[in-house]
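Novice: Next comes the structure file final_5.cif, holding mmCIF, C-alpha atoms.
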```cif
data_protein
#
loop_
_atom_site.label_atom_id
_atom_site.label_comp_id
_atom_site.auth_asym_id
_atom_site.auth_seq_id
_atom_site.Cartn_x
_atom_site.Cartn_y
_atom_site.Cartn_z
CA MET A 32 51.13 -12.27 -99.00
CA ARG A 33 47.53 -11.99 -97.89
CA ILE A 34 45.54 -11.24 -101.04
CA LEU A 35 41.87 -10.25 -101.24
CA TRP A 36 40.69 -11.32 -104.71
CA LEU A 37 37.45 -9.77 -106.00
CA ASN A 38 35.55 -11.35 -108.87
CA PRO A 39 31.97 -11.08 -110.16
CA ASN A 40 31.47 -14.87 -110.23
CA LEU A 41 32.65 -18.24 -109.02
CA LEU A 42 35.19 -19.72 -111.41
CA LEU A 43 33.51 -23.13 -111.58
CA PRO A 44 32.27 -24.46 -113.90
CA LEU A 45 35.18 -23.52 -116.21
CA ASP A 46 32.93 -22.60 -119.12
CA LYS A 47 34.22 -19.15 -120.12
CA GLY A 48 37.56 -17.78 -121.22
CA GLY A 49 37.83 -15.29 -118.36
CA LYS A 50 37.12 -18.00 -115.80
CA LEU A 51 39.76 -20.26 -117.32
CA ARG A 52 42.38 -17.53 -117.31
CA THR A 53 41.77 -16.64 -113.67
CA TRP A 54 41.55 -20.29 -112.58
CA HIS A 55 44.93 -21.26 -114.00
CA LEU A 56 46.68 -18.13 -112.75
CA LEU A 57 45.06 -18.12 -109.33
CA ARG A 58 45.73 -21.81 -108.75
CA GLN A 59 49.46 -21.10 -108.94
CA ILE A 60 49.23 -17.83 -106.98
CA ALA A 61 47.34 -19.68 -104.21
CA SER A 62 50.19 -22.18 -103.89
CA ARG A 63 52.45 -19.31 -102.74
CA HIS A 64 50.10 -16.84 -101.04
CA GLU A 65 47.00 -16.78 -98.83
CA VAL A 66 44.00 -15.85 -100.99
CA THR A 67 40.56 -14.75 -99.79
CA TYR A 68 38.11 -14.85 -102.71
CA LEU A 69 34.93 -12.73 -102.73
CA SER A 70 32.36 -13.09 -105.51
CA PHE A 71 28.72 -13.32 -106.37
CA ALA A 72 27.31 -16.84 -106.66
CA ASP A 73 24.15 -18.18 -108.24
CA PRO A 74 22.00 -19.61 -105.42
CA ARG A 75 21.55 -22.70 -107.61
CA SER A 76 25.31 -23.33 -107.85
CA SER A 77 26.34 -26.75 -106.60
CA ARG A 78 28.19 -27.70 -103.44
CA ASP A 79 30.92 -29.18 -105.65
CA GLU A 80 31.45 -25.80 -107.34
CA HIS A 81 31.92 -24.11 -103.98
CA ASP A 82 34.15 -26.88 -102.61
CA GLY A 83 36.22 -26.88 -105.79
CA MET A 84 37.07 -23.22 -105.30
CA ARG A 85 39.21 -24.24 -102.31
CA GLU A 86 41.81 -25.31 -104.87
CA VAL A 87 42.47 -21.64 -105.69
CA CYS A 88 41.71 -19.89 -102.39
CA ARG A 89 41.97 -20.47 -98.68
CA THR A 90 38.78 -18.57 -97.83
CA LEU A 91 35.68 -18.29 -100.03
CA GLU A 92 33.07 -15.56 -99.43
CA THR A 93 29.99 -15.38 -101.67
CA VAL A 94 27.01 -13.08 -102.15
CA PRO A 95 23.88 -14.70 -103.68
CA ARG A 96 22.86 -13.30 -107.06
CA LEU A 97 20.82 -14.46 -110.03
CA ASP A 98 22.27 -13.28 -113.34
CA GLU A 99 20.08 -11.28 -115.68
CA GLY A 100 19.41 -12.51 -119.18
CA LYS A 101 22.14 -11.61 -121.64
CA GLN A 102 20.41 -12.55 -124.86
CA GLY A 103 17.93 -10.89 -127.18
CA LEU A 104 15.08 -8.94 -125.65
CA ALA A 105 16.20 -9.57 -122.06
CA PHE A 106 19.48 -7.79 -122.79
CA TYR A 107 17.84 -4.73 -124.38
CA ALA A 108 15.18 -4.63 -121.65
CA GLY A 109 17.97 -4.48 -119.07
CA VAL A 110 19.71 -1.68 -120.95
CA LEU A 111 16.49 0.35 -121.24
CA ALA A 112 15.64 -0.16 -117.56
CA ARG A 113 18.97 1.36 -116.54
CA LEU A 114 19.00 4.31 -118.94
CA PRO A 115 18.22 6.81 -116.13
CA ALA A 116 21.29 5.61 -114.20
CA ARG A 117 24.75 6.99 -114.89
CA LEU A 118 26.47 3.63 -114.76
CA PRO A 119 26.76 1.46 -117.86
CA TYR A 120 24.37 -1.48 -117.90
CA ALA A 121 27.16 -4.11 -117.74
CA ILE A 122 28.43 -2.52 -114.51
CA GLY A 123 25.28 -1.23 -112.87
CA LYS A 124 23.60 -4.63 -112.80
CA TYR A 125 26.37 -5.81 -110.42
CA ARG A 126 26.00 -2.95 -107.95
CA SER A 127 25.21 -4.58 -104.61
CA ARG A 128 24.94 -3.26 -101.06
CA GLU A 129 25.56 -6.77 -99.74
CA TYR A 130 28.74 -7.23 -101.79
CA ALA A 131 29.99 -3.80 -100.65
CA ARG A 132 29.15 -4.63 -97.02
CA ARG A 133 30.91 -8.00 -97.18
CA LEU A 134 33.97 -6.36 -98.73
CA ARG A 135 34.19 -3.70 -96.02
CA HIS A 136 33.81 -6.42 -93.35
CA LEU A 137 36.71 -8.43 -94.81
CA LEU A 138 38.94 -5.35 -94.95
CA ASP A 139 38.12 -4.59 -91.29
CA LEU A 140 38.57 -8.20 -90.21
CA GLN A 141 42.24 -8.62 -91.12
CA PRO A 142 45.09 -6.73 -92.79
CA PHE A 143 45.63 -7.55 -96.46
CA ASP A 144 48.79 -6.87 -98.43
CA LEU A 145 46.93 -6.49 -101.70
CA VAL A 146 43.46 -6.23 -103.22
CA VAL A 147 43.06 -7.64 -106.74
CA CYS A 148 39.99 -6.52 -108.68
CA ASP A 149 39.55 -9.25 -111.29
CA PHE A 150 37.64 -7.68 -114.20
CA LEU A 151 36.30 -4.13 -113.96
CA VAL A 152 32.95 -5.10 -112.44
CA PRO A 153 33.81 -5.56 -108.73
CA ALA A 154 35.16 -2.01 -108.53
CA VAL A 155 31.59 -0.69 -108.48
CA ASN A 156 31.28 -2.11 -104.95
CA MET A 157 34.68 -1.00 -103.62
CA PRO A 158 34.95 1.68 -100.91
CA PRO A 159 36.46 5.03 -101.96
CA ARG A 160 39.74 4.22 -100.18
CA LEU A 161 41.52 0.91 -99.61
CA PRO A 162 43.91 0.24 -96.70
CA CYS A 163 46.47 -1.50 -98.94
CA ALA A 164 47.85 -1.58 -102.47
CA SER A 165 45.47 -2.53 -105.26
CA VAL A 166 45.59 -4.05 -108.74
CA VAL A 167 42.94 -4.25 -111.45
CA PHE A 168 43.12 -7.13 -113.94
CA THR A 169 41.48 -5.93 -117.16
CA HIS A 170 40.74 -9.01 -119.26
CA ASN A 171 39.37 -6.64 -121.92
CA VAL A 172 39.20 -2.94 -122.64
CA GLU A 173 35.47 -2.78 -122.03
CA ALA A 174 34.75 0.48 -123.86
CA GLU A 175 36.34 -0.95 -127.02
CA ILE A 176 33.98 -3.92 -126.94
CA TRP A 177 30.96 -1.64 -126.68
CA ARG A 178 32.29 0.56 -129.49
CA ARG A 179 32.57 -2.47 -131.76
CA HIS A 180 29.12 -3.66 -130.74
CA ALA A 181 27.68 -0.28 -131.72
CA GLU A 182 29.55 -0.07 -135.01
CA ALA A 183 28.49 -3.60 -136.04
CA GLU A 184 24.79 -2.94 -135.27
CA THR A 185 22.73 -1.94 -138.32
CA ARG A 186 19.36 -1.37 -136.62
CA PRO A 187 19.16 2.37 -135.74
CA LEU A 188 17.43 2.16 -132.33
CA ARG A 189 19.65 -0.63 -131.06
CA ARG A 190 22.72 1.14 -132.38
CA ARG A 191 21.81 4.28 -130.42
CA LEU A 192 21.37 2.22 -127.25
CA LEU A 193 24.75 0.58 -127.75
CA GLU A 194 26.40 3.94 -128.45
CA SER A 195 25.05 5.26 -125.14
CA GLN A 196 26.51 2.25 -123.34
CA TRP A 197 29.84 2.75 -125.10
CA ALA A 198 30.01 6.36 -123.84
CA ARG A 199 29.03 5.40 -120.29
CA MET A 200 31.52 2.54 -120.19
CA GLY A 201 34.31 4.84 -121.36
CA ARG A 202 33.63 7.29 -118.56
CA PHE A 203 33.38 4.57 -115.91
CA GLU A 204 36.42 2.65 -117.14
CA GLY A 205 38.66 5.70 -117.20
CA ARG A 206 37.67 6.81 -113.69
CA THR A 207 38.01 3.29 -112.30
CA LEU A 208 41.43 2.46 -113.72
CA SER A 209 42.74 5.65 -112.10
CA ARG A 210 41.93 4.23 -108.65
CA PHE A 211 44.53 1.43 -108.73
CA ASN A 212 48.27 1.19 -108.13
CA LEU A 213 48.73 -1.18 -111.07
CA VAL A 214 46.70 -2.04 -114.15
CA LEU A 215 47.15 -5.49 -115.70
CA ALA A 216 46.33 -5.98 -119.38
CA VAL A 217 46.32 -9.25 -121.31
CA SER A 218 48.03 -7.98 -124.45
CA ASP A 219 50.20 -5.20 -125.79
CA ALA A 220 47.26 -4.16 -127.97
CA ASP A 221 45.09 -3.65 -124.87
CA ARG A 222 47.92 -1.84 -123.07
CA CYS A 223 48.25 0.60 -125.95
CA THR A 224 44.47 1.06 -126.14
CA ILE A 225 44.33 1.90 -122.43
CA GLY A 226 47.06 4.49 -122.93
CA ARG A 227 45.24 6.00 -125.92
CA LEU A 228 41.75 6.10 -124.39
CA TYR A 229 42.74 7.00 -120.83
CA PRO A 230 45.86 9.20 -120.84
CA ASP A 231 45.02 10.43 -117.32
CA VAL A 232 45.61 6.95 -115.84
CA LYS A 233 48.97 7.33 -114.11
CA ALA A 234 49.44 3.80 -112.79
CA PRO A 235 51.84 1.49 -114.63
CA VAL A 236 50.14 -0.85 -117.10
CA ARG A 237 51.77 -4.28 -117.29
CA VAL A 238 50.96 -7.09 -119.68
CA VAL A 239 50.30 -10.55 -118.25
CA PRO A 240 49.49 -12.57 -121.35
CA THR A 241 47.12 -15.43 -121.84
CA GLY A 242 48.48 -18.94 -121.39
CA VAL A 243 47.37 -22.47 -122.13
CA ASP A 244 47.55 -25.86 -120.46
CA THR A 245 49.86 -27.54 -122.96
CA ALA A 246 49.62 -30.89 -121.14
CA TYR A 247 45.82 -30.91 -121.48
CA PHE A 248 45.42 -29.45 -124.95
CA LEU A 249 47.48 -31.99 -126.85
CA PRO A 250 47.55 -32.98 -130.53
CA SER A 251 46.17 -36.44 -131.21
CA ASP A 252 47.92 -39.17 -133.15
CA HIS A 253 44.97 -41.56 -133.14
CA GLU A 254 41.79 -39.49 -133.76
CA ALA A 255 41.05 -39.13 -137.46
CA VAL A 256 40.69 -35.62 -138.87
CA GLU A 257 37.60 -35.03 -141.00
CA PRO A 258 39.13 -33.28 -144.02
CA ALA A 259 36.13 -31.02 -144.70
CA ARG A 260 35.19 -30.07 -141.12
CA LEU A 261 35.63 -26.61 -139.57
CA VAL A 262 35.18 -25.77 -135.89
CA PHE A 263 34.59 -22.75 -133.68
CA THR A 264 34.49 -22.93 -129.87
CA GLY A 265 33.37 -20.36 -127.31
CA SER A 266 30.58 -19.24 -125.00
CA MET A 267 27.71 -18.78 -127.42
CA ASP A 268 25.77 -16.43 -125.14
CA TRP A 269 28.55 -13.84 -125.53
CA LEU A 270 27.55 -11.28 -128.16
CA PRO A 271 30.89 -11.20 -130.02
CA ASN A 272 30.76 -14.99 -130.49
CA GLU A 273 27.14 -14.88 -131.65
CA ASP A 274 27.97 -12.12 -134.12
CA ALA A 275 30.99 -14.08 -135.37
CA MET A 276 28.97 -17.18 -136.18
CA LEU A 277 26.11 -15.28 -137.81
CA TYR A 278 28.64 -13.39 -139.93
CA PHE A 279 30.54 -16.57 -140.80
CA THR A 280 27.53 -18.59 -141.85
CA ARG A 281 25.95 -15.77 -143.85
CA GLU A 282 28.96 -14.13 -145.49
CA ILE A 283 31.85 -16.61 -145.50
CA LEU A 284 30.52 -20.18 -145.52
CA PRO A 285 28.63 -19.84 -148.84
CA ARG A 286 31.87 -18.71 -150.49
CA ILE A 287 33.76 -21.67 -149.00
CA ARG A 288 31.13 -24.05 -150.30
CA GLU A 289 31.52 -22.72 -153.81
CA ALA A 290 34.95 -24.38 -153.83
CA ALA A 291 34.37 -27.10 -151.21
CA PRO A 292 30.68 -28.12 -151.19
CA ALA A 293 31.17 -30.86 -148.60
CA VAL A 294 32.38 -28.50 -145.85
CA THR A 295 30.69 -28.84 -142.46
CA VAL A 296 30.93 -26.58 -139.40
CA SER A 297 30.77 -27.39 -135.67
CA ILE A 298 29.77 -24.51 -133.37
CA VAL A 299 30.75 -25.71 -129.91
CA GLY A 300 29.93 -23.80 -126.73
CA ARG A 301 27.54 -23.15 -123.89
CA GLU A 302 24.13 -21.48 -124.09
CA PRO A 303 23.77 -20.78 -127.81
CA THR A 304 21.31 -17.99 -128.51
CA ALA A 305 18.11 -18.61 -130.47
CA ARG A 306 19.74 -17.16 -133.58
CA VAL A 307 22.72 -19.50 -133.25
CA LYS A 308 20.50 -22.52 -132.62
CA ALA A 309 18.59 -21.69 -135.79
CA LEU A 310 21.80 -22.17 -137.81
CA ALA A 311 21.53 -25.93 -137.21
CA ALA A 312 18.67 -26.01 -139.72
CA ASP A 313 21.46 -26.24 -142.29
CA ALA A 314 22.39 -29.93 -142.50
CA GLY A 315 26.07 -29.00 -142.65
CA ILE A 316 26.09 -26.94 -139.43
CA GLU A 317 26.26 -28.55 -135.99
CA VAL A 318 25.37 -26.50 -132.88
CA THR A 319 26.35 -28.55 -129.83
CA GLY A 320 25.53 -26.36 -126.84
CA SER A 321 27.52 -27.13 -123.68
CA VAL A 322 29.93 -30.04 -123.93
CA PRO A 323 32.03 -31.61 -121.16
CA ASP A 324 35.21 -31.43 -123.26
CA VAL A 325 35.88 -29.35 -126.40
CA ARG A 326 38.94 -31.33 -127.42
CA PRO A 327 37.21 -34.08 -129.44
CA TRP A 328 35.53 -31.44 -131.65
CA ILE A 329 38.79 -29.56 -132.15
CA ARG A 330 40.71 -32.74 -132.95
CA ARG A 331 38.25 -33.83 -135.63
CA ALA A 332 38.37 -30.52 -137.48
CA ALA A 333 40.77 -29.76 -140.30
CA VAL A 334 40.68 -25.99 -139.68
CA TYR A 335 39.81 -23.88 -136.64
CA VAL A 336 38.04 -20.62 -137.57
CA VAL A 337 37.87 -17.36 -135.56
CA PRO A 338 35.74 -14.90 -137.60
CA LEU A 339 35.36 -12.36 -134.77
CA ARG A 340 34.42 -8.77 -135.65
CA ILE A 341 33.89 -7.60 -132.05
CA GLY A 342 36.02 -8.23 -129.01
CA GLY A 343 38.91 -7.29 -126.77
CA GLY A 344 41.45 -8.95 -124.53
CA THR A 345 42.94 -12.15 -125.87
CA ARG A 346 41.32 -15.29 -127.17
CA LEU A 347 41.99 -18.40 -125.12
CA LYS A 348 40.20 -20.37 -127.81
CA ILE A 349 43.00 -19.69 -130.30
CA PHE A 350 45.70 -20.73 -127.84
CA GLU A 351 43.84 -23.96 -127.09
CA ALA A 352 43.52 -24.77 -130.78
CA MET A 353 47.18 -23.91 -131.42
CA ALA A 354 48.31 -26.05 -128.47
CA MET A 355 46.41 -28.93 -130.06
CA GLY A 356 48.33 -28.36 -133.28
CA LYS A 357 45.46 -26.96 -135.31
CA ALA A 358 45.67 -24.63 -138.28
CA VAL A 359 43.81 -21.40 -137.46
CA VAL A 360 42.19 -18.88 -139.79
CA SER A 361 41.22 -15.68 -137.95
CA THR A 362 40.22 -12.10 -138.53
CA SER A 363 42.57 -9.39 -137.26
CA VAL A 364 40.14 -8.73 -134.40
CA GLY A 365 40.06 -12.44 -133.57
CA ALA A 366 43.84 -12.60 -133.23
CA GLU A 367 44.23 -9.08 -131.82
CA GLY A 368 46.75 -8.95 -129.01
CA LEU A 369 48.12 -12.43 -129.69
CA PRO A 370 51.87 -12.85 -130.28
CA VAL A 371 51.40 -14.75 -133.52
CA SER A 372 53.06 -14.38 -136.91
CA PRO A 373 50.62 -14.28 -139.84
CA ASP A 374 51.31 -16.98 -142.42
CA HIS A 375 53.63 -18.75 -139.96
CA ASP A 376 51.46 -19.54 -136.90
CA VAL A 377 48.01 -18.55 -138.20
CA LEU A 378 46.35 -17.15 -141.32
CA ILE A 379 44.72 -13.70 -141.03
CA ALA A 380 41.90 -12.56 -143.32
CA ASP A 381 39.41 -9.75 -142.77
CA ASP A 382 36.93 -9.66 -145.65
CA PRO A 383 34.59 -12.59 -146.41
CA GLN A 384 36.24 -13.61 -149.68
CA ALA A 385 39.77 -13.51 -148.26
CA PHE A 386 38.67 -15.52 -145.22
CA ALA A 387 36.93 -18.11 -147.40
CA SER A 388 39.96 -18.36 -149.70
CA ALA A 389 42.30 -18.91 -146.72
CA VAL A 390 40.12 -21.73 -145.40
CA VAL A 391 39.85 -23.39 -148.81
CA ALA A 392 43.62 -23.11 -149.32
CA LEU A 393 44.26 -25.03 -146.10
CA LEU A 394 41.65 -27.66 -146.89
CA ASN A 395 43.31 -28.27 -150.26
CA ASP A 396 46.97 -28.04 -149.23
CA THR A 397 47.78 -30.62 -146.56
CA ARG A 398 51.48 -29.75 -146.38
CA ARG A 399 50.83 -26.07 -145.77
CA ARG A 400 48.27 -26.94 -143.13
CA GLU A 401 50.71 -29.26 -141.36
CA ARG A 402 53.40 -26.57 -141.33
CA LEU A 403 51.00 -24.20 -139.56
CA GLU A 404 50.04 -26.94 -137.12
CA ARG A 405 53.64 -27.68 -136.13
CA ALA A 406 54.53 -24.00 -135.75
CA ALA A 407 51.45 -23.33 -133.60
CA ARG A 408 52.17 -26.15 -131.16
CA ALA A 409 55.85 -25.20 -130.89
CA LEU A 410 55.02 -21.57 -130.02
CA MET A 411 52.62 -22.59 -127.25
CA LEU A 412 55.15 -24.96 -125.69
CA ALA A 413 57.98 -22.44 -125.78
CA ARG A 414 56.30 -19.34 -124.38
CA TYR A 415 52.74 -19.72 -123.13
CA ASP A 416 52.40 -22.52 -120.62
CA TRP A 417 50.44 -21.24 -117.60
CA SER A 418 53.36 -21.77 -115.21
CA VAL A 419 55.43 -19.22 -117.15
CA VAL A 420 52.62 -16.68 -117.24
CA ALA A 421 51.78 -17.11 -113.54
CA ALA A 422 55.38 -16.31 -112.59
CA GLU A 423 55.04 -12.94 -114.36
CA LEU A 424 51.79 -12.24 -112.50
CA ASP A 425 53.33 -13.17 -109.13
CA ASP A 426 56.20 -10.78 -109.77
CA ALA A 427 53.81 -7.94 -110.59
CA LEU A 428 51.64 -8.53 -107.51
CA SER A 429 54.61 -8.82 -105.16
CA LEU A 430 56.22 -5.59 -106.32
CA THR A 431 52.92 -3.72 -106.11
CA ALA A 432 52.21 -4.96 -102.58
CA ALA A 433 55.68 -3.78 -101.60
CA GLY A 434 54.93 -0.31 -102.95
CA ARG A 435 57.31 -0.72 -105.88
CA ALA A 436 54.87 -0.82 -108.79
CA THR A 437 56.92 1.68 -110.77
CA GLU A 438 59.70 -0.91 -111.06
CA LEU A 439 57.41 -2.78 -113.43
CA ALA A 440 58.31 -0.22 -116.08
CA ARG A 441 61.54 -2.06 -116.77
CA VAL A 442 62.01 -4.08 -119.94
CA ALA A 443 63.10 -7.64 -119.14
CA PRO A 444 65.48 -9.44 -121.53
CA ASP A 445 63.66 -11.02 -124.48
CA ASN A 446 60.31 -10.02 -123.03
CA LYS A 447 59.09 -6.75 -124.49
CA ARG A 448 55.64 -7.47 -123.07
CA LEU A 449 56.87 -5.78 -119.89
CA ALA A 450 57.57 -2.50 -121.65
CA LEU A 451 55.44 0.49 -120.74
CA ASP A 452 54.82 3.69 -122.64
CA ALA A 453 56.63 6.56 -120.95
CA ASN A 454 53.37 8.39 -120.28
CA SER A 455 51.98 5.46 -118.24
CA GLN A 456 54.80 5.49 -115.69
CA THR A 457 54.47 7.05 -112.25
#
```
What's the structure tokens form of this structure?

Specialist:
Amino acid sequence: MRILWLNPNLLLPLDKGGKLRTWHLLRQIASRHEVTYLSFADPRSSRDEHDGMREVCRTLETVPRLDEGKQGLAFYAGVLARLPARLPYAIGKYRSREYARRLRHLLDLQPFDLVVCDFLVPAVNMPPRLPCASVVFTHNVEAEIWRRHAEAETRPLRRRLLESQWARMGRFEGRTLSRFNLVLAVSDADRCTIGRLYPDVKAPVRVVPTGVDTAYFLPSDHEAVEPARLVFTGSMDWLPNEDAMLYFTREILPRIREAAPAVTVSIVGREPTARVKALAADAGIEVTGSVPDVRPWIRRAAVYVVPLRIGGGTRLKIFEAMAMGKAVVSTSVGAEGLPVSPDHDVLIADDPQAFASAVVALLNDTRRRERLERAARALMLARYDWSVVAAELDDALSLTAAGRATELARVAPDNKRLALDANSQT
């Protein structure tokens, strides 16, 4: 097939969960099909980043763009500046005449079998009609993220701003999903949320789950585990991750230290906000910023923590930790959409005391921790290697390009992820 793949950004460097997911899936899709990739690109991006994209596409087209600040005052200034517009801030800032022009030129230049809109953002620059079948890959249900942002905010003015963005995103997301022949979700939880929030979307909604590179994220037999060390990994300029670490250090960590005073925490990830950097003033908290490889930090830790209160989609960070044979303690939101079994693959705890108690229990009970570690690694090997997931995606894209998207409503043997609610079928 000839596939036109639309994305808001280059995939390199691989420093965010969404980039990693697309990279691994697209690398395998590109081995079977001819992919033209259109995205924005930071004018300061390196030649190596552009050249590296040839691994996942035959043709690369980019539109120069400098990203706006996503932290603190810069974020709220951007929201306020776009209040008169109807589009939500997170979408409107990507509206681009040049991107739209380049997209129309590519569609006129050659016939494509399929257009894939990777994330919701590129749809803002799509023409009203496409000359071929189309798919949108929703890595999150965006309105749900904004709802959780608003509900977690305690400052009245900021909460009102976030509530306005939540409402705008809901309107935009519903209208946009209705434009496509197929909607891809990353979890059953997201699929059900799409059906609940947007009952007018008639396209089939298929789940293509998150995967993990099980050959890269390996347990270690030679690196010593520090028995009192916890770790969290993720892009620290993403608001849900910032909120998670502020919540953890303020509400949960003091309770852990009541039972385990020697506990230390590593917060590992790119572009930590000022509030996250300030956490390093505590001698027992390490804030690393960007690192070339997260694996050494994960390997050293006794427990991997995911105290997310806001979010959507699925969490690649949990799959990476599980593939490395790590015991995970997560909130329900942190593990939402993941095919895990509480108390078998991970521990789930939602209030600060329960979360702290779960962490302390694993620190004190080596056998229980090792059972979780073995079960986690086994699950990743059996079901979630990227090659398995990419085959599901290829099947979905091929059927949609052939005009047979409704066949995706079938339930494959031993794979209920493919099931669709009756009201989402066409």

Novice: Separation of atom CA of A:Glu182 and atom CA of A:Asp46, in Å?

Specialist: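 Distance between the two atoms: 27.8 Å.
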
Novice: Interatomic distance between atom CA of A:Pro115 and atom CA of A:Asn171?

Specialist: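 Pair atom CA of A:Pro115 / atom CA of A:Asn171 returns 25.7 Å.
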
Novice: With the file shown as input, list the residues that the PyMOL selection byres ((chain A and resi 80-84) around 12) selects, as a PyMOL selection string.

Specialist: chain A and resi 40-45+50+53-55+57-58+61+66-79+85-93

Novice: Please write as a ChimeraX atom specification the full residue list that the PyMOL selection byres ((chain A and resi 173) around 8) yields on this file.

Specialist: /A:171-172,174-177,200-201,204,343

Novice: Export, as a PDB file, in the frame of the given file, the selected residues with C-alpha atoms.

Specialist:
```
ATOM      1  CA  ASN A 171      39.370  -6.640-121.920  1.00  0.00           C
ATOM      2  CA  VAL A 172      39.200  -2.940-122.640  1.00  0.00           C
ATOM      3  CA  ALA A 174      34.750   0.480-123.860  1.00  0.00           C
ATOM      4  CA  GLU A 175      36.340  -0.950-127.020  1.00  0.00           C
ATOM      5  CA  ILE A 176      33.980  -3.920-126.940  1.00  0.00           C
ATOM      6  CA  TRP A 177      30.960  -1.640-126.680  1.00  0.00           C
ATOM      7  CA  MET A 200      31.520   2.540-120.190  1.00  0.00           C
ATOM      8  CA  GLY A 201      34.310   4.840-121.360  1.00  0.00           C
ATOM      9  CA  GLU A 204      36.420   2.650-117.140  1.00  0.00           C
ATOM     10  CA  GLY A 343      38.910  -7.290-126.770  1.00  0.00           C
TER      11      GLY A 343
END
```

Novice: Give me the result of the PyMOL selection byres ((chain A and resi 311) around 12) on this file, residue by residue, as JSON, numbers by chain.

Specialist: {"A": [276, 277, 280, 295, 296, 297, 298, 299, 303, 304, 305, 306, 307, 308, 309, 310, 312, 313, 314, 315, 316, 317, 318, 319, 320]}

Novice: Would you place a box with edges along x, y and z of the file around all atoms of stretch 316-334 of chain A listed there, add 3 Å to each of its six sides, and report the centre and edge lengths in Å to one decimal, as JSON?

Specialist:
```
{"center_x": 33.1, "center_y": -30.0, "center_z": -130.7, "size_x": 21.4, "size_y": 14.1, "size_z": 25.1}
```

Novice: Would you work out the distance separating atom CA of A:Pro39 from atom CA of A:Arg435, expressed in Å to one decimal?

Specialist: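 These two atoms are separated by 27.7 Å.
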
Novice: Fewer than 5 positions away in the same chain doesn't count, so skip those; otherwise give me all residues within 7 Å of A:Phe143, counting all atoms listed in the file, as a ChimeraX atom specification.

Specialist: /A:33-35,163

Novice: A:Arg202: which residues within 9 Å, counting all atoms listed in the file, same-chain residues fewer than 5 positions away excluded, as number ranges by chain?

Specialist: A: 118, 174, 197, 207

Novice: Using only C-alpha atoms, which of the listed residues (A:Pro323, A:Pro235, A:Gly365, A:Pro119) sits closest to A:Asn272?

Specialist: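 Going through A:Pro323, A:Pro235, A:Gly365, A:Pro119 one by one, the smallest distance to A:Asn272 is for A:Gly365.
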
Novice: Name the closest residue to A:Arg227 among the candidates A:Met32, A:Gly205, A:Asp139, A:Leu151; distances are taken between atoms, counting all atoms listed in the file.

Specialist: A:Gly205

Novice: Which residues, written as a tab-separated table (two decimals) with C-alpha atoms, in the coordinates of the input, have at least one atom at most 9 Å from A:Arg63, with all atoms listed in the file counted and residues fewer than 3 positions away on the same chain left out?

Specialist:
```
chain	number	residue	atom	x	y	z
A	32	MET	CA	51.13	-12.27	-99.00
A	59	GLN	CA	49.46	-21.10	-108.94
A	60	ILE	CA	49.23	-17.83	-106.98
A	425	ASP	CA	53.33	-13.17	-109.13
```

Novice: Tell me which residues come within 6 Å of (47.8, -22.3, -136.8), as a ChimeraX atom specification, counting all atoms listed in the file in the file's coordinates.

Specialist: /A:353,357-359,376-377,403-404,407

Novice: With all atoms listed in the file as the atoms that count, which of A:Gln196, A:Asn395, A:Ser218, A:Ser429 lies nearest to A:Arg117?

Specialist: A:Gln196

Novice: Might you pull out every residue within 9 Å of A:Glu423, with all atoms listed in the file counted and same-chain residues fewer than 6 positions away left off, and present them as a list in words?

Specialist: Val238, Val239 and Pro240 of chain A

Novice: Leaving out A:Asp252 and any residue of its chain fewer than 5 positions from it, which residues lie within 12 Å of it when counting only C-alpha atoms, given as a PDB file with C-alpha atoms, keeping the file's coordinate frame?

Specialist:
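That gives us selection_32.pdb:
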```pdb
ATOM      1  CA  ARG A 330      40.710 -32.740-132.950  1.00  0.00           C
ATOM      2  CA  ARG A 331      38.250 -33.830-135.630  1.00  0.00           C
ATOM      3  CA  MET A 355      46.410 -28.930-130.060  1.00  0.00           C
ATOM      4  CA  GLY A 356      48.330 -28.360-133.280  1.00  0.00           C
TER       5      GLY A 356
END
```

Novice: Given all atoms listed in the file as the basis, pick out the residue of A:Trp36, A:Phe263, A:Tyr120, A:Tyr247 nearest to A:Asp149.

Specialist: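 Checking each of A:Trp36, A:Phe263, A:Tyr120, A:Tyr247 against A:Asp149, counting all atoms listed in the file, the winner is A:Trp36.
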
Novice: Name the closest residue to A:Val336 among the candidates A:Val294, A:Val232, A:Val364, A:Val390; distances are taken between atoms, counting all atoms listed in the file.

Specialist: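 Once distances to A:Val336 are computed over all atoms listed in the file, the minimum belongs to A:Val390.
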